[in-house]
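Enquirer: upload_15.txt (compact mmCIF, C-alpha atoms) pasted underneath:
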```txt
# COMPACT_ATOMS: atom_id res chain seq x y z
CA MET A 230 0.00 0.00 0.00
CA ASN A 231 3.11 2.18 -0.08
CA SER A 232 2.26 3.06 -3.66
CA TYR A 233 -1.18 4.26 -2.50
CA TRP A 234 0.41 6.94 -0.32
CA THR A 235 2.80 8.04 -3.06
CA LEU A 236 -0.11 8.27 -5.47
CA THR A 237 -2.50 10.09 -3.13
CA LEU A 238 0.00 12.53 -1.66
CA GLY A 239 1.50 13.20 -5.09
CA MET A 240 -1.93 13.87 -6.55
CA ALA A 241 -2.79 16.06 -3.55
CA VAL A 242 0.30 18.25 -3.99
CA VAL A 243 -0.04 18.74 -7.75
CA THR A 244 -3.74 19.52 -7.31
CA TYR A 245 -3.40 21.89 -4.36
CA LEU A 246 -0.57 24.11 -5.60
CA PRO A 247 -2.36 25.33 -8.78
CA ARG A 248 -5.39 26.06 -6.61
CA LEU A 249 -3.65 27.82 -3.74
CA LEU A 250 -0.71 29.80 -5.11
CA PRO A 251 -2.52 31.95 -7.70
CA MET A 252 -5.27 32.90 -5.24
CA LEU A 253 -2.64 33.87 -2.68
CA LEU A 254 -0.13 35.61 -4.92
CA LEU A 255 -1.61 36.64 -8.25
CA SER A 256 -4.43 38.47 -9.87
CA LYS A 257 -5.83 37.47 -13.24
CA LYS A 258 -3.99 40.29 -15.03
CA GLU A 259 -0.63 38.96 -13.95
CA ILE A 260 -0.95 35.69 -15.86
CA SER A 261 0.53 35.86 -19.33
CA PRO A 262 -2.16 35.61 -22.03
CA SER A 263 -0.17 33.06 -24.02
CA PHE A 264 0.15 30.78 -20.99
CA SER A 265 -3.56 30.93 -20.29
CA ARG A 266 -4.40 30.30 -23.94
CA TRP A 267 -2.06 27.31 -24.10
CA MET A 268 -3.70 25.98 -20.94
CA THR A 269 -7.12 25.81 -22.62
CA TYR A 270 -5.71 23.10 -24.93
CA ILE A 271 -4.62 20.77 -22.14
CA PRO A 272 -7.93 19.23 -21.00
CA VAL A 273 -9.07 18.35 -24.53
CA SER A 274 -5.68 16.76 -25.25
CA ILE A 275 -5.75 14.75 -22.03
CA PHE A 276 -9.27 13.43 -22.47
CA SER A 277 -8.60 12.56 -26.08
CA ALA A 278 -5.36 10.74 -25.16
CA LEU A 279 -7.17 8.80 -22.43
CA VAL A 280 -9.95 7.77 -24.80
CA ALA A 281 -7.58 6.85 -27.65
CA SER A 282 -5.26 4.84 -25.41
CA ASP A 283 -8.24 2.71 -24.47
CA ILE A 284 -10.73 2.32 -27.31
CA PHE A 285 -8.26 1.47 -30.09
CA PHE A 286 -6.72 -1.36 -28.10
CA TRP A 287 -8.07 -4.80 -27.31
CA ASN A 288 -6.21 -7.16 -24.99
CA GLY A 289 -3.23 -4.88 -25.11
CA SER A 290 -2.76 -4.59 -28.85
CA PHE A 291 -3.96 -2.15 -31.49
CA ASN A 292 -7.26 -3.36 -32.94
CA ILE A 293 -9.82 -1.49 -35.02
CA ASN A 294 -12.02 -4.41 -36.01
CA PRO A 295 -15.42 -3.50 -34.50
CA ALA A 296 -16.47 -7.16 -34.36
CA ILE A 297 -13.62 -8.01 -31.99
CA ASN A 298 -12.92 -4.72 -30.28
CA ILE A 299 -16.47 -4.16 -29.01
CA LYS A 300 -15.61 -0.76 -27.57
CA LEU A 301 -15.51 0.91 -31.01
CA ILE A 302 -19.20 1.01 -31.92
CA PRO A 303 -20.42 2.23 -28.51
CA SER A 304 -17.67 4.88 -28.61
CA VAL A 305 -19.00 6.30 -31.85
CA LEU A 306 -22.49 6.27 -30.35
CA VAL A 307 -21.35 8.03 -27.18
CA PHE A 308 -19.46 10.61 -29.25
CA PHE A 309 -22.67 11.65 -31.02
CA ILE A 310 -24.72 11.62 -27.83
CA ALA A 311 -22.08 13.75 -26.13
CA TYR A 312 -22.01 16.12 -29.08
CA LYS A 313 -25.79 16.51 -29.07
CA THR A 314 -26.50 16.62 -25.32
CA LYS A 315 -23.15 17.61 -23.72
CA SER A 316 -24.44 15.59 -20.77
CA LEU A 317 -22.05 13.38 -18.77
CA LEU A 318 -24.88 11.33 -17.35
CA TRP A 319 -26.49 10.60 -20.74
CA SER A 320 -23.13 9.72 -22.28
CA MET A 321 -22.44 7.29 -19.46
CA ILE A 322 -25.89 5.67 -19.66
CA ILE A 323 -25.83 5.23 -23.45
CA GLY A 324 -22.26 3.96 -23.28
CA LEU A 325 -23.10 1.39 -20.62
CA VAL A 326 -26.20 0.18 -22.46
CA GLY A 327 -24.29 -0.07 -25.75
CA ILE A 328 -21.30 -1.98 -24.40
CA THR A 329 -23.51 -4.31 -22.32
CA LEU A 330 -25.61 -5.24 -25.37
CA LEU A 331 -22.51 -5.97 -27.45
CA TRP A 332 -20.94 -7.92 -24.57
CA ILE A 333 -24.02 -10.13 -24.35
CA PHE A 334 -24.55 -10.70 -28.08
CA LEU A 335 -20.98 -11.02 -29.34
CA MET B 56 -21.60 31.76 10.66
CA LYS B 57 -25.25 32.84 10.44
CA THR B 58 -27.97 30.35 9.52
CA ALA B 59 -28.92 32.49 6.53
CA THR B 60 -25.35 32.34 5.24
CA ILE B 61 -25.32 28.56 5.48
CA GLN B 62 -28.72 28.31 3.80
CA ASN B 63 -27.71 30.60 0.92
CA GLY B 64 -24.49 28.71 0.37
CA VAL B 65 -26.10 25.28 0.36
CA LYS B 66 -28.98 26.47 -1.84
CA ALA B 67 -26.59 27.79 -4.48
CA ALA B 68 -24.65 24.52 -4.35
CA SER B 69 -27.63 22.17 -4.55
CA PRO B 70 -27.74 21.48 -8.32
CA VAL B 71 -24.04 20.68 -8.28
CA MET B 72 -24.50 18.50 -5.19
CA VAL B 73 -27.02 16.35 -7.09
CA SER B 74 -24.61 15.75 -9.97
CA TYR B 75 -21.73 15.10 -7.53
CA ILE B 76 -23.76 12.32 -5.89
CA ALA B 77 -24.11 10.45 -9.20
CA LEU B 78 -20.57 11.10 -10.44
CA GLY B 79 -19.02 10.57 -6.99
CA MET B 80 -20.62 7.15 -6.64
CA ALA B 81 -19.44 6.16 -10.12
CA CYS B 82 -15.95 7.40 -9.22
CA GLY B 83 -15.95 5.35 -6.02
CA VAL B 84 -16.89 2.21 -7.93
CA VAL B 85 -14.09 2.61 -10.49
CA LEU B 86 -11.48 3.52 -7.87
CA TYR B 87 -12.38 0.39 -5.90
CA ASP B 88 -12.16 -1.52 -9.16
CA ALA B 89 -8.65 -0.08 -9.64
CA GLY B 90 -7.60 -1.64 -6.34
CA ILE B 91 -8.04 1.14 -3.79
CA SER B 92 -9.74 0.40 -0.45
CA ILE B 93 -12.87 2.21 0.72
CA PHE B 94 -10.82 4.07 3.34
CA GLY B 95 -8.26 4.93 0.67
CA ILE B 96 -10.99 6.28 -1.61
CA GLY B 97 -12.37 8.49 1.16
CA LEU B 98 -8.95 9.80 2.09
CA MET B 99 -8.12 10.49 -1.55
CA SER B 100 -11.34 12.47 -1.95
CA VAL B 101 -10.54 14.49 1.20
CA LEU B 102 -6.92 15.21 0.24
CA VAL B 103 -7.17 15.54 -3.54
CA TYR B 104 -10.82 16.44 -4.19
CA ALA B 105 -10.70 16.60 -7.99
CA GLY B 106 -13.30 14.53 -9.83
CA ALA B 107 -11.73 14.39 -13.27
CA ALA B 108 -8.30 13.68 -11.76
CA GLN B 109 -9.65 10.85 -9.63
CA PHE B 110 -11.40 9.31 -12.65
CA LEU B 111 -8.16 9.68 -14.58
CA ALA B 112 -6.20 7.94 -11.83
CA ALA B 113 -8.67 5.03 -11.80
CA SER B 114 -8.49 4.67 -15.56
CA MET B 115 -4.69 4.82 -15.77
CA LEU B 116 -4.21 2.44 -12.83
CA VAL B 117 -6.45 -0.14 -14.51
CA LEU B 118 -4.29 0.16 -17.62
CA GLY B 119 -1.23 -0.51 -15.46
CA ALA B 120 0.30 2.97 -15.65
CA SER B 121 3.17 3.94 -13.38
CA ILE B 122 2.46 6.25 -10.42
CA PRO B 123 4.70 9.11 -11.65
CA SER B 124 2.93 9.18 -15.02
CA VAL B 125 -0.46 9.33 -13.25
CA ILE B 126 0.72 12.21 -11.06
CA LEU B 127 2.12 14.04 -14.09
CA MET B 128 -1.21 13.73 -15.93
CA VAL B 129 -3.10 14.93 -12.84
CA PHE B 130 -0.78 17.92 -12.70
CA PHE B 131 -1.47 18.86 -16.31
CA LEU B 132 -5.18 18.28 -15.89
CA ASN B 133 -5.35 20.55 -12.85
CA LEU B 134 -3.27 23.37 -14.31
CA ARG B 135 -6.59 24.75 -15.53
CA HIS B 136 -7.36 25.77 -11.95
CA VAL B 137 -4.57 28.38 -12.07
CA LEU B 138 -6.79 30.83 -13.91
CA MET B 139 -9.84 30.21 -11.77
CA SER B 140 -7.80 30.56 -8.61
CA ALA B 141 -6.24 33.82 -9.78
CA SER B 142 -9.58 35.25 -10.78
CA LEU B 143 -10.93 34.74 -7.25
CA SER B 144 -7.91 36.36 -5.57
CA SER B 145 -9.44 39.84 -5.38
CA PHE B 146 -12.67 38.36 -3.98
CA VAL B 147 -10.86 36.87 -0.96
CA LYS B 148 -8.05 39.41 -0.57
CA ASP B 149 -9.29 40.62 2.84
CA ARG B 150 -9.51 37.13 4.31
CA SER B 151 -6.93 35.32 6.45
CA PHE B 152 -4.33 32.89 5.17
CA GLY B 153 -6.23 30.06 6.87
CA PHE B 154 -9.42 30.95 5.05
CA ILE B 155 -7.69 31.12 1.67
CA SER B 156 -5.87 27.82 2.30
CA LEU B 157 -9.15 26.02 2.78
CA PHE B 158 -11.14 27.98 0.21
CA SER B 159 -8.59 27.24 -2.51
CA HIS B 160 -8.51 23.55 -1.64
CA VAL B 161 -12.26 23.26 -2.27
CA LEU B 162 -12.10 25.08 -5.62
CA THR B 163 -13.52 23.01 -8.47
CA ASP B 164 -14.80 23.86 -11.95
CA GLU B 165 -18.34 23.73 -10.58
CA SER B 166 -17.86 25.66 -7.33
CA TYR B 167 -15.89 28.24 -9.29
CA GLY B 168 -18.77 28.57 -11.72
CA ILE B 169 -21.21 29.34 -8.93
CA ASN B 170 -18.97 31.58 -6.84
CA TYR B 171 -17.56 33.59 -9.72
CA THR B 172 -21.01 34.32 -11.16
CA LYS B 173 -22.47 35.18 -7.75
CA SER B 174 -19.53 37.35 -6.74
CA ARG B 175 -19.81 39.33 -9.97
CA GLU B 176 -23.47 39.95 -9.22
CA GLY B 177 -22.24 41.61 -6.02
CA LEU B 178 -24.39 40.25 -3.23
CA TRP B 179 -22.17 37.24 -2.44
CA THR B 180 -20.08 37.09 0.72
CA THR B 181 -16.92 35.05 1.10
CA ASP B 182 -18.63 33.07 3.88
CA GLU B 183 -21.44 32.11 1.53
CA ALA B 184 -18.91 31.13 -1.13
CA MET B 185 -17.06 28.99 1.40
CA MET B 186 -20.32 27.34 2.41
CA THR B 187 -21.15 26.53 -1.23
CA SER B 188 -17.74 24.98 -1.79
CA LEU B 189 -17.80 23.03 1.47
CA SER B 190 -21.21 21.51 0.73
CA THR B 191 -20.06 20.27 -2.67
CA TYR B 192 -16.84 19.00 -1.04
CA GLY B 193 -18.73 17.02 1.61
CA THR B 194 -21.10 15.62 -1.00
CA TRP B 195 -18.21 14.43 -3.15
CA VAL B 196 -16.32 12.78 -0.28
CA LEU B 197 -19.41 10.92 0.96
CA SER B 198 -20.54 9.86 -2.52
CA THR B 199 -17.16 8.39 -3.45
CA ILE B 200 -17.11 6.42 -0.16
CA ILE B 201 -20.61 5.09 -0.88
CA GLY B 202 -19.47 4.24 -4.42
CA GLY B 203 -16.50 2.35 -3.02
CA ALA B 204 -18.81 0.41 -0.70
CA ILE B 205 -21.10 -0.45 -3.62
CA GLY B 206 -18.09 -1.56 -5.65
CA SER B 207 -16.95 -3.82 -2.82
CA GLN B 208 -20.33 -5.56 -2.66
CA PHE B 209 -20.86 -6.31 -6.33
CA GLN B 210 -18.59 -8.06 -8.76
CA VAL B 211 -18.58 -5.68 -11.70
CA ASN B 212 -17.55 -6.59 -15.22
CA THR B 213 -14.28 -4.74 -15.79
CA THR B 214 -14.74 -4.19 -19.51
CA ILE B 215 -18.17 -2.70 -18.94
CA MET B 216 -17.22 -0.61 -15.89
CA ASN B 217 -14.15 0.67 -17.63
CA PHE B 218 -16.26 1.74 -20.56
CA ALA B 219 -18.35 3.94 -18.26
CA LEU B 220 -15.12 5.87 -17.72
CA ILE B 221 -14.39 6.06 -21.42
CA ALA B 222 -17.89 7.35 -22.09
CA MET B 223 -17.32 10.07 -19.51
CA PHE B 224 -13.94 11.07 -20.90
CA LEU B 225 -15.44 11.13 -24.40
CA CYS B 226 -18.08 13.54 -23.18
CA MET B 227 -15.53 15.69 -21.33
CA MET B 228 -13.48 15.77 -24.53
CA VAL B 229 -16.48 16.88 -26.60
CA GLN B 230 -17.32 19.55 -24.01
CA GLN B 231 -13.85 20.98 -24.65
CA PHE B 232 -14.45 21.37 -28.40
CA ILE B 233 -14.77 25.12 -28.00
CA SER B 234 -13.10 25.98 -31.30
CA ARG B 235 -11.81 24.27 -34.45
CA GLU B 236 -8.29 24.42 -33.05
CA HIS B 237 -9.39 22.61 -29.89
CA MET B 238 -10.92 19.87 -32.02
CA ILE B 239 -7.70 19.52 -34.00
CA ALA B 240 -5.70 19.35 -30.76
CA GLY B 241 -7.96 16.49 -29.68
CA LEU B 242 -7.36 14.66 -32.98
CA VAL B 243 -3.60 15.18 -32.80
CA SER B 244 -3.54 13.92 -29.24
CA ALA B 245 -5.46 10.76 -30.16
CA GLY B 246 -3.20 10.06 -33.15
CA VAL B 247 0.05 10.62 -31.26
CA THR B 248 -1.18 8.53 -28.32
CA VAL B 249 -2.03 5.54 -30.51
CA LEU B 250 1.26 5.81 -32.40
CA LEU B 251 3.39 6.04 -29.25
CA MET B 252 1.42 3.31 -27.46
CA VAL B 253 2.06 0.96 -30.38
CA LEU B 254 5.75 1.91 -30.47
CA PHE B 255 6.60 2.02 -26.77
CA LYS B 256 3.75 0.12 -25.08
CA HIS B 257 4.03 2.55 -22.17
CA ASN B 258 1.60 5.06 -20.69
CA ILE B 259 4.10 7.89 -20.90
CA ALA B 260 2.59 8.10 -24.41
CA LEU B 261 -0.36 9.96 -22.88
CA VAL B 262 1.87 12.59 -21.31
CA ILE B 263 3.89 13.17 -24.47
CA ALA B 264 0.77 13.28 -26.65
CA THR B 265 -0.85 15.81 -24.32
CA ILE B 266 2.14 18.13 -24.47
CA ILE B 267 2.51 17.87 -28.26
CA ALA B 268 -1.22 18.31 -28.93
CA SER B 269 -1.64 21.28 -26.58
CA PHE B 270 1.22 23.10 -28.29
CA ALA B 271 -0.13 22.15 -31.73
CA GLY B 272 -3.54 23.61 -30.87
CA TYR B 273 -2.02 26.73 -29.39
CA GLY B 274 0.29 27.12 -32.39
CA LEU B 275 -2.64 26.88 -34.81
CA GLU B 276 -4.53 29.52 -32.83
CA VAL B 277 -1.59 31.90 -32.92
CA ARG B 278 -1.11 31.32 -36.66
CA LYS B 279 -4.78 31.95 -37.35
CA GLU B 280 -4.62 35.22 -35.48
CA ARG B 281 -1.52 36.36 -37.36
CA ARG B 282 -3.26 35.60 -40.65
CA LYS B 283 -6.29 37.56 -39.58
CA ASP B 284 -4.12 40.51 -38.65
CA ARG B 285 -2.31 40.36 -41.97
CA LYS B 286 -5.63 40.22 -43.84
CA LYS B 287 -6.84 43.24 -41.91
CA ASP B 288 -3.67 45.13 -42.77
CA LYS B 289 -4.13 44.28 -46.44
CA GLU B 290 -7.76 45.40 -46.35
CA ILE B 291 -6.78 48.68 -44.78
CA GLN B 292 -4.09 49.16 -47.41
CA SER B 293 -6.40 48.33 -50.30
CA ASP B 294 -9.05 50.62 -48.82
CA LEU B 295 -6.50 53.37 -48.77
CA LYS B 296 -5.52 52.65 -52.38
CA GLY B 297 -9.19 52.48 -53.41
CA GLY B 298 -9.72 55.84 -51.76
CA GLU B 299 -6.80 57.33 -53.62
CA SER B 300 -7.95 56.10 -57.04
CA HIS B 301 -11.31 57.78 -56.54
CA GLU B 302 -9.77 61.14 -56.06
```
Go through the file and emit its structure as structure tokens.

Expert:
Amino acid sequence: MNSYWTLTLGMAVVTYLPRLLPMLLLSKKEISPSFSRWMTYIPVSIFSALVASDIFFWNGSFNINPAINIKLIPSVLVFFIAYKTKSLLWSMIIGLVGITLLWIFL
Amino acid sequence: MKTATIQNGVKAASPVMVSYIALGMACGVVLYDAGISIFGIGLMSVLVYAGAAQFLAASMLVLGASIPSVILMVFFLNLRHVLMSASLSSFVKDRSFGFISLFSHVLTDESYGINYTKSREGLWTTDEAMMTSLSTYGTWVLSTIIGGAIGSQFQVNTTIMNFALIAMFLCMMVQQFISREHMIAGLVSAGVTVLLMVLFKHNIALVIATIIASFAGYGLEVRKERRKDRKKDKEIQSDLKGGESHE
């Protein structure tokens, strides 16, 4: 469980500092506009990397055959639902229903 | 703190509290699935308190990522709080260090949304803002613990549970499609991730892809702006020329 403490304390530090230090030391004007613009590209890149590192792989190797890698079709479905509704809950529900159906029938 | 202050704070937080119950429980289930105990889940929620980061940790742990690469990704993910934190600094400038230490810890995208809007409207005290943030904080901590307990009672199918995470990240990704450049950054990130994962079979691929894609998106935005400026300059010049020819 040693790794648990490293993980949790590490996460706590890197989460707390970006929350505390600016509020204590800065005002919005003091942050360079290029830095704040670059920052807006980080979340989209992270989420996309997380999704891609998962859905295009099946049993650890690259696989884009939708009949074997059953995550592909529900992913497309969720993408459109997310685009239309922007709702986390709906995306999760549709995703779960989709993957469960494929799991049962394939 | 006055009863009215507490009531106002909780009332403003209530819609967010409802969504935190659902997401917190889901987060607890996946963290338990990733091998963290119920106590560990609760403690993580108290110390870290960052929904997206906790989901990310669960997802990367399941994929067998190393702890430093998880922490690095959490760091990048939470950099976005820098701006929010800075924009609240004038709101809390008269408060003590202790107050700010706690108030900044309970800053999330959602609590920021409420407190920033309310504070701009004027009639929002720092105590009410604190109350709003603390009620969402408490809701999150409890919900993740309940989720962990649920996860410990039921054997969940890992492929299916893991896909709940993917569906959420897909939605969070789509929510970030705020411009064409952001969409391209997302595409670049996906492409680079897949390529590096195939080549290196290591989760550091996610970190590298994130850095490359964020700079690519930012670079495109800067280039677009320069082009626009140049076009404007040309228009002004041709307007001037047009004016001259009329005379």

Enquirer: Between CA of Ser140 in chain B and CA of Met268 in chain A, what is the distance in Å, rounded to a tenth?

Expert: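 Separation of CA of Ser140 in chain B and CA of Met268 in chain A: 13.8 Å.
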
Enquirer: Can you list every residue of chain A that has an atom at most 7 Å from chain B, with its nearest atom pair and the distance in Å to one decimal, using only C-alpha atoms, ordered by chain then number, as CSV?

Expert:
```
residue,atom,partner,partner_atom,distance
A:Leu236,CA,B:Ile122,CA,5.9
A:Thr237,CA,B:Met99,CA,5.9
A:Gly239,CA,B:Ile126,CA,6.1
A:Met240,CA,B:Ile126,CA,5.5
A:Ala241,CA,B:Val103,CA,4.4
A:Val243,CA,B:Phe130,CA,5.1
A:Thr244,CA,B:Asn133,CA,5.9
A:Tyr245,CA,B:His160,CA,6.0
A:Pro247,CA,B:Val137,CA,5.0
A:Arg248,CA,B:Ser159,CA,5.3
A:Leu249,CA,B:Ser159,CA,5.1
A:Pro251,CA,B:Ala141,CA,4.7
A:Met252,CA,B:Ser144,CA,4.4
A:Leu253,CA,B:Ser144,CA,6.5
A:Leu255,CA,B:Ala141,CA,5.6
A:Ser256,CA,B:Ala141,CA,5.0
A:Lys257,CA,B:Ser142,CA,5.0
A:Arg266,CA,B:Tyr273,CA,6.9
A:Trp267,CA,B:Tyr273,CA,5.3
A:Met268,CA,B:Arg135,CA,6.3
A:Tyr270,CA,B:Ser269,CA,4.8
A:Ile271,CA,B:Ser269,CA,5.4
A:Pro272,CA,B:Leu132,CA,5.9
A:Val273,CA,B:Met228,CA,5.1
A:Ser274,CA,B:Gly241,CA,5.0
A:Ile275,CA,B:Thr265,CA,5.5
A:Phe276,CA,B:Met228,CA,5.2
A:Ser277,CA,B:Gly241,CA,5.4
A:Ala278,CA,B:Ala245,CA,5.0
A:Leu279,CA,B:Leu261,CA,6.9
A:Val280,CA,B:Ile221,CA,5.8
A:Ala281,CA,B:Ala245,CA,5.1
A:Ser282,CA,B:Val249,CA,6.1
A:Phe291,CA,B:Val253,CA,6.9
A:Ser304,CA,B:Ala222,CA,7.0
A:Val307,CA,B:Ala222,CA,6.2
A:Phe308,CA,B:Leu225,CA,6.3
A:Ala311,CA,B:Cys226,CA,5.0
A:Tyr312,CA,B:Val229,CA,6.1
A:Lys315,CA,B:Gln230,CA,6.2
A:Leu317,CA,B:Met223,CA,5.8
A:Ser320,CA,B:Ala222,CA,5.8
A:Met321,CA,B:Ala222,CA,5.3
A:Gly324,CA,B:Ala222,CA,5.7
A:Leu325,CA,B:Ala219,CA,5.9
A:Ile328,CA,B:Ile215,CA,6.3
A:Thr329,CA,B:Ile215,CA,6.5
```

Enquirer: Export, as an mmCIF file, keeping the file's coordinate frame, the selected residues with C-alpha atoms.

Expert:
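File again16.cif, as written:
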```cif
data_model
loop_
_atom_site.group_PDB
_atom_site.id
_atom_site.type_symbol
_atom_site.label_atom_id
_atom_site.label_comp_id
_atom_site.auth_asym_id
_atom_site.auth_seq_id
_atom_site.Cartn_x
_atom_site.Cartn_y
_atom_site.Cartn_z
ATOM 1 C CA LEU A 236 -0.110 8.270 -5.470
ATOM 2 C CA THR A 237 -2.500 10.090 -3.130
ATOM 3 C CA GLY A 239 1.500 13.200 -5.090
ATOM 4 C CA MET A 240 -1.930 13.870 -6.550
ATOM 5 C CA ALA A 241 -2.790 16.060 -3.550
ATOM 6 C CA VAL A 243 -0.040 18.740 -7.750
ATOM 7 C CA THR A 244 -3.740 19.520 -7.310
ATOM 8 C CA TYR A 245 -3.400 21.890 -4.360
ATOM 9 C CA PRO A 247 -2.360 25.330 -8.780
ATOM 10 C CA ARG A 248 -5.390 26.060 -6.610
ATOM 11 C CA LEU A 249 -3.650 27.820 -3.740
ATOM 12 C CA PRO A 251 -2.520 31.950 -7.700
ATOM 13 C CA MET A 252 -5.270 32.900 -5.240
ATOM 14 C CA LEU A 253 -2.640 33.870 -2.680
ATOM 15 C CA LEU A 255 -1.610 36.640 -8.250
ATOM 16 C CA SER A 256 -4.430 38.470 -9.870
ATOM 17 C CA LYS A 257 -5.830 37.470 -13.240
ATOM 18 C CA ARG A 266 -4.400 30.300 -23.940
ATOM 19 C CA TRP A 267 -2.060 27.310 -24.100
ATOM 20 C CA MET A 268 -3.700 25.980 -20.940
ATOM 21 C CA TYR A 270 -5.710 23.100 -24.930
ATOM 22 C CA ILE A 271 -4.620 20.770 -22.140
ATOM 23 C CA PRO A 272 -7.930 19.230 -21.000
ATOM 24 C CA VAL A 273 -9.070 18.350 -24.530
ATOM 25 C CA SER A 274 -5.680 16.760 -25.250
ATOM 26 C CA ILE A 275 -5.750 14.750 -22.030
ATOM 27 C CA PHE A 276 -9.270 13.430 -22.470
ATOM 28 C CA SER A 277 -8.600 12.560 -26.080
ATOM 29 C CA ALA A 278 -5.360 10.740 -25.160
ATOM 30 C CA LEU A 279 -7.170 8.800 -22.430
ATOM 31 C CA VAL A 280 -9.950 7.770 -24.800
ATOM 32 C CA ALA A 281 -7.580 6.850 -27.650
ATOM 33 C CA SER A 282 -5.260 4.840 -25.410
ATOM 34 C CA PHE A 291 -3.960 -2.150 -31.490
ATOM 35 C CA SER A 304 -17.670 4.880 -28.610
ATOM 36 C CA VAL A 307 -21.350 8.030 -27.180
ATOM 37 C CA PHE A 308 -19.460 10.610 -29.250
ATOM 38 C CA ALA A 311 -22.080 13.750 -26.130
ATOM 39 C CA TYR A 312 -22.010 16.120 -29.080
ATOM 40 C CA LYS A 315 -23.150 17.610 -23.720
ATOM 41 C CA LEU A 317 -22.050 13.380 -18.770
ATOM 42 C CA SER A 320 -23.130 9.720 -22.280
ATOM 43 C CA MET A 321 -22.440 7.290 -19.460
ATOM 44 C CA GLY A 324 -22.260 3.960 -23.280
ATOM 45 C CA LEU A 325 -23.100 1.390 -20.620
ATOM 46 C CA ILE A 328 -21.300 -1.980 -24.400
ATOM 47 C CA THR A 329 -23.510 -4.310 -22.320
#
```

Enquirer: Quick one, how far is CA of Ile333 in chain A from CA of Trp287 in chain A?

Expert: 17.1 Å

Enquirer: Calculate how many Å separate CA of Leu197 in chain B from CA of Met80 in chain B, rounding to one decimal.

Expert: 8.6 Å

Enquirer: Box for range 103-111 of chain B - axis-aligned, 3 Å on each of the six sides, all listed atoms - centre and size in Å to one decimal, as lines of an AutoDock Vina configuration file.

Expert:
```
center_x = -10.2
center_y = 13.0
center_z = -9.1
size_x = 12.1
size_y = 13.3
size_z = 17.0
```

Enquirer: Which residue is closest to Asn298 in chain A? Choose from A:Leu254, A:Phe285, A:Thr269, A:Leu330 and count all atoms listed in the file.

Expert: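 Looking only at the distances to Asn298 in chain A, the closest residue turns out to be A:Phe285.
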
Enquirer: Which is closer to Arg150 in chain B than all the others in B:Glu290, B:Asp284, B:Asp88, B:Asp182, using all atoms listed in the file?

Expert: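 Between B:Glu290, B:Asp284, B:Asp88, B:Asp182, the residue approaching Arg150 in chain B most closely is B:Asp182.
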
Enquirer: Between A:Val242, A:Ile284, A:Leu331, A:Ile323, which has the minimum distance to Leu306 in chain A (counting only C-alpha atoms)?

Expert: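 Closest to Leu306 in chain A of all the choices is A:Ile323.
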